[in-house]
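A.B. asks: First the structure, which I've put down as C-alpha cells, then a few questions once you've had a look.
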Amino acid sequence: MSADKTQHSNTASQEIDEPRNNQSDPGRNGITRRGFLKGAGITAAGTALLEGVQAFGRETSPAGTPGVTEIGPGPASVTLNVNGKEHGVEIEPRTTLAEALRIQMGMTGTKIVCDRGTCSACTVWLDKVPINSCTTLAVDAIGHQVTTIEGLSADGSLHPLQVAFVKHDALQCGFCTPGMVMSCAALLNSNPHPTEKDVRHAIAGNLCRCGTYPRIFTATLEVAGTNHKA
Ligand code: FES
Ligand code: FES
C-alpha cells in the first residue's frame, strides 16, 4: 500500500510510534498511547477509527458464525482465479488486488502508478468488468474471475488491440498502456462498433501523462472497423 494512504500528520504519527514497545506502561509522565490519543483533540477521529476497525472485525466475522470464513488479521492462504487459472496465494486482508497480482503472482503487466484510484493504470477485469485493482482488496476477488493484460493474449498471440497500439505507436512511456488496453478491450467486448465518443467515454478515467490519446482512439477505432467521431 502507498505510504500516503496510511500517512497521518507528522505529529500524530510520531506520538503513535514512540511508545509502541511499551503500550501498557504508563511511561513518562504517566501517559499511555491510548490515553494520549483519547485526550488529544487532533487525533479524536483517529481513535474512533481504530476502535471502529476493531469492532468491525468482531461484528462482521464473529467466531463460529456458520458460512462465514474469517480471514486475517495475519496472512492467509486463499485462491484467486486469474486469467482462467487458480492461483494459491498468501495475502493479508489489507493486500490490494494489484499488489497480489504483481508481488505474490509476479504478473507485473498490471501497473501501479497513483495507487489511490485516480489514474486507472492498474485496470484489470473482475468478471469482465474493468476495475481499478489498486483500490480493490484481493480478498474481494475471491470467487470471481480476474483478467489481466497477460490474459488478453491467446496462445502467444497478441490481442488485436495490442497489435493496433503497436502499429499506431499509441504509447510513449507505457505506464498507462496496460490499463488503456484493458479499458478499450472491455469496450469492444460490450460495444464492437464504438464511435470515438464511446472510446473517449471508456477511457475517461484512464490518465495518460504523455498525451497519447489521439493514437489510442485511432488504434481502437481501427480494430472496431469504425473511424467516425459521432
Ligand atoms: S494505480 Fe490504480 S488508479 Fe492509479
Ligand atoms: S504513455 Fe506515458 S502515461 Fe501514457
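A note on labels: chains of the C-alpha cells are A, B, ... as shown, every chain counts residues from 1, and ligands are counted from 1 in their shown order.
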Skip Thr148 (chain A) itself and residues of its chain fewer than 2 positions away, then list as a list in words all residues within 8 Å of it, counting only C-alpha atoms.
C.D. replies: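 Selected residues are Val82, Asn83, Gly109, Thr110, Thr123, Val124, Trp125, Val146, Glu150, Gly151, Leu152 and Met182 of chain A.
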A.B. asks: Using backbone DSSP assignments, extract all helix (DSSP H, G or I) residues from region 125-217 of chain A; output them as a PyMOL selection string.
C.D. replies: chain A and resi 133-135+138-141+149-152+160-167+177-190+196-202+213-217
A.B. asks: Using only C-alpha atoms and all ligand atoms, find each residue with an atom at most 12 Å away from ligand 2 and format the answer as a ChimeraX atom specification.
C.D. replies: /A:111-114,119-121,165-166,169-181,203,206-216
A.B. asks: What lies within 8 Å of region 98-106 of chain A using only C-alpha atoms, ignoring chain neighbours under 5 positions off, as a PDB file with N, CA and C atoms, in the first residue's frame?
C.D. replies:
ATOM      1  N   MET A   1       0.845  -1.188   0.000  1.00  0.00           N
ATOM      2  CA  MET A   1       0.000   0.000   0.000  1.00  0.00           C
ATOM      3  C   MET A   1       0.884   1.243   0.000  1.00  0.00           C
ATOM      4  N   HIS A  87      -4.842 -19.686  -8.634  1.00  0.00           N
ATOM      5  CA  HIS A  87      -3.544 -19.364  -8.044  1.00  0.00           C
ATOM      6  C   HIS A  87      -3.683 -19.339  -6.524  1.00  0.00           C
ATOM      7  N   VAL A  89      -2.400 -18.108  -3.141  1.00  0.00           N
ATOM      8  CA  VAL A  89      -1.536 -17.015  -2.687  1.00  0.00           C
ATOM      9  C   VAL A  89      -1.730 -16.783  -1.199  1.00  0.00           C
ATOM     10  N   GLU A  90      -0.700 -16.234  -0.588  1.00  0.00           N
ATOM     11  CA  GLU A  90      -0.768 -15.878   0.826  1.00  0.00           C
ATOM     12  C   GLU A  90      -0.871 -14.369   0.914  1.00  0.00           C
ATOM     13  N   ILE A  91      -1.992 -13.889   1.412  1.00  0.00           N
ATOM     14  CA  ILE A  91      -2.212 -12.446   1.453  1.00  0.00           C
ATOM     15  C   ILE A  91      -2.751 -12.031   2.813  1.00  0.00           C
ATOM     16  N   LYS A 111       0.074  -2.243 -13.898  1.00  0.00           N
ATOM     17  CA  LYS A 111       0.930  -1.191 -13.333  1.00  0.00           C
ATOM     18  C   LYS A 111       0.272  -0.513 -12.129  1.00  0.00           C
ATOM     19  N   ILE A 112       1.091  -0.142 -11.174  1.00  0.00           N
ATOM     20  CA  ILE A 112       0.635   0.703 -10.062  1.00  0.00           C
ATOM     21  C   ILE A 112       1.301   2.054 -10.245  1.00  0.00           C
ATOM     22  N   CYS A 122      -3.890   0.711 -13.297  1.00  0.00           N
ATOM     23  CA  CYS A 122      -3.937  -0.637 -12.724  1.00  0.00           C
ATOM     24  C   CYS A 122      -5.184  -1.411 -13.165  1.00  0.00           C
ATOM     25  N   SER A 133      -7.489  -2.056  -9.800  1.00  0.00           N
ATOM     26  CA  SER A 133      -7.044  -3.113  -8.887  1.00  0.00           C
ATOM     27  C   SER A 133      -6.296  -2.562  -7.681  1.00  0.00           C
ATOM     28  N   CYS A 134      -5.886  -1.284  -7.727  1.00  0.00           N
ATOM     29  CA  CYS A 134      -5.179  -0.719  -6.565  1.00  0.00           C
ATOM     30  C   CYS A 134      -6.146  -0.329  -5.465  1.00  0.00           C
ATOM     31  N   THR A 136      -9.005  -2.231  -4.989  1.00  0.00           N
ATOM     32  CA  THR A 136      -9.814  -3.431  -4.769  1.00  0.00           C
ATOM     33  C   THR A 136      -9.007  -4.387  -3.902  1.00  0.00           C
ATOM     34  N   ALA A 138      -7.666  -7.801  -2.504  1.00  0.00           N
ATOM     35  CA  ALA A 138      -7.524  -9.120  -3.117  1.00  0.00           C
ATOM     36  C   ALA A 138      -8.587 -10.085  -2.594  1.00  0.00           C
TER      37      ALA A 138
END
A.B. asks: Of the candidates A:Pro73, A:Pro192, A:Gly205, A:Pro66, which one gets nearest to ligand 1 if we count only C-alpha atoms and all ligand atoms?
C.D. replies: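 Among A:Pro73, A:Pro192, A:Gly205, A:Pro66, it is A:Gly205 that comes nearest to ligand 1.
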A.B. asks: Please, which residues of region 56-161 of chain A, numbered as in this document, come out strand (DSSP E) from DSSP, as a PyMOL selection string?
C.D. replies: chain A and resi 76-82+85-91+123-126+129-132+145-147
A.B. asks: What is the distance, in Å and to one decimal place, between CA of Ala219 (chain A) and CA of Pro130 (chain A)?
C.D. replies: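 Separation of CA of Ala219 (chain A) and CA of Pro130 (chain A): 19.0 Å.
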A.B. asks: With distances taken over only C-alpha atoms and all ligand atoms, which of A:Leu137, A:Leu187, A:Leu161, A:Val129 is nearest to ligand 1?
C.D. replies: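 The shortest atom-to-atom distance to ligand 1 comes from A:Leu137.
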A.B. asks: Pick the closest to ligand 1 from A:Leu80, A:Ile131, A:Ala204, A:Ala186: which is it, counting only C-alpha atoms and all ligand atoms?
C.D. replies: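 Using only C-alpha atoms and all ligand atoms, ligand 1 sits closest to A:Ile131.
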A.B. asks: Mind giving me the straight-line distance from CA of His201 (chain A) to CA of Asp140 (chain A) in Å, one decimal?
C.D. replies: 26.4 Å
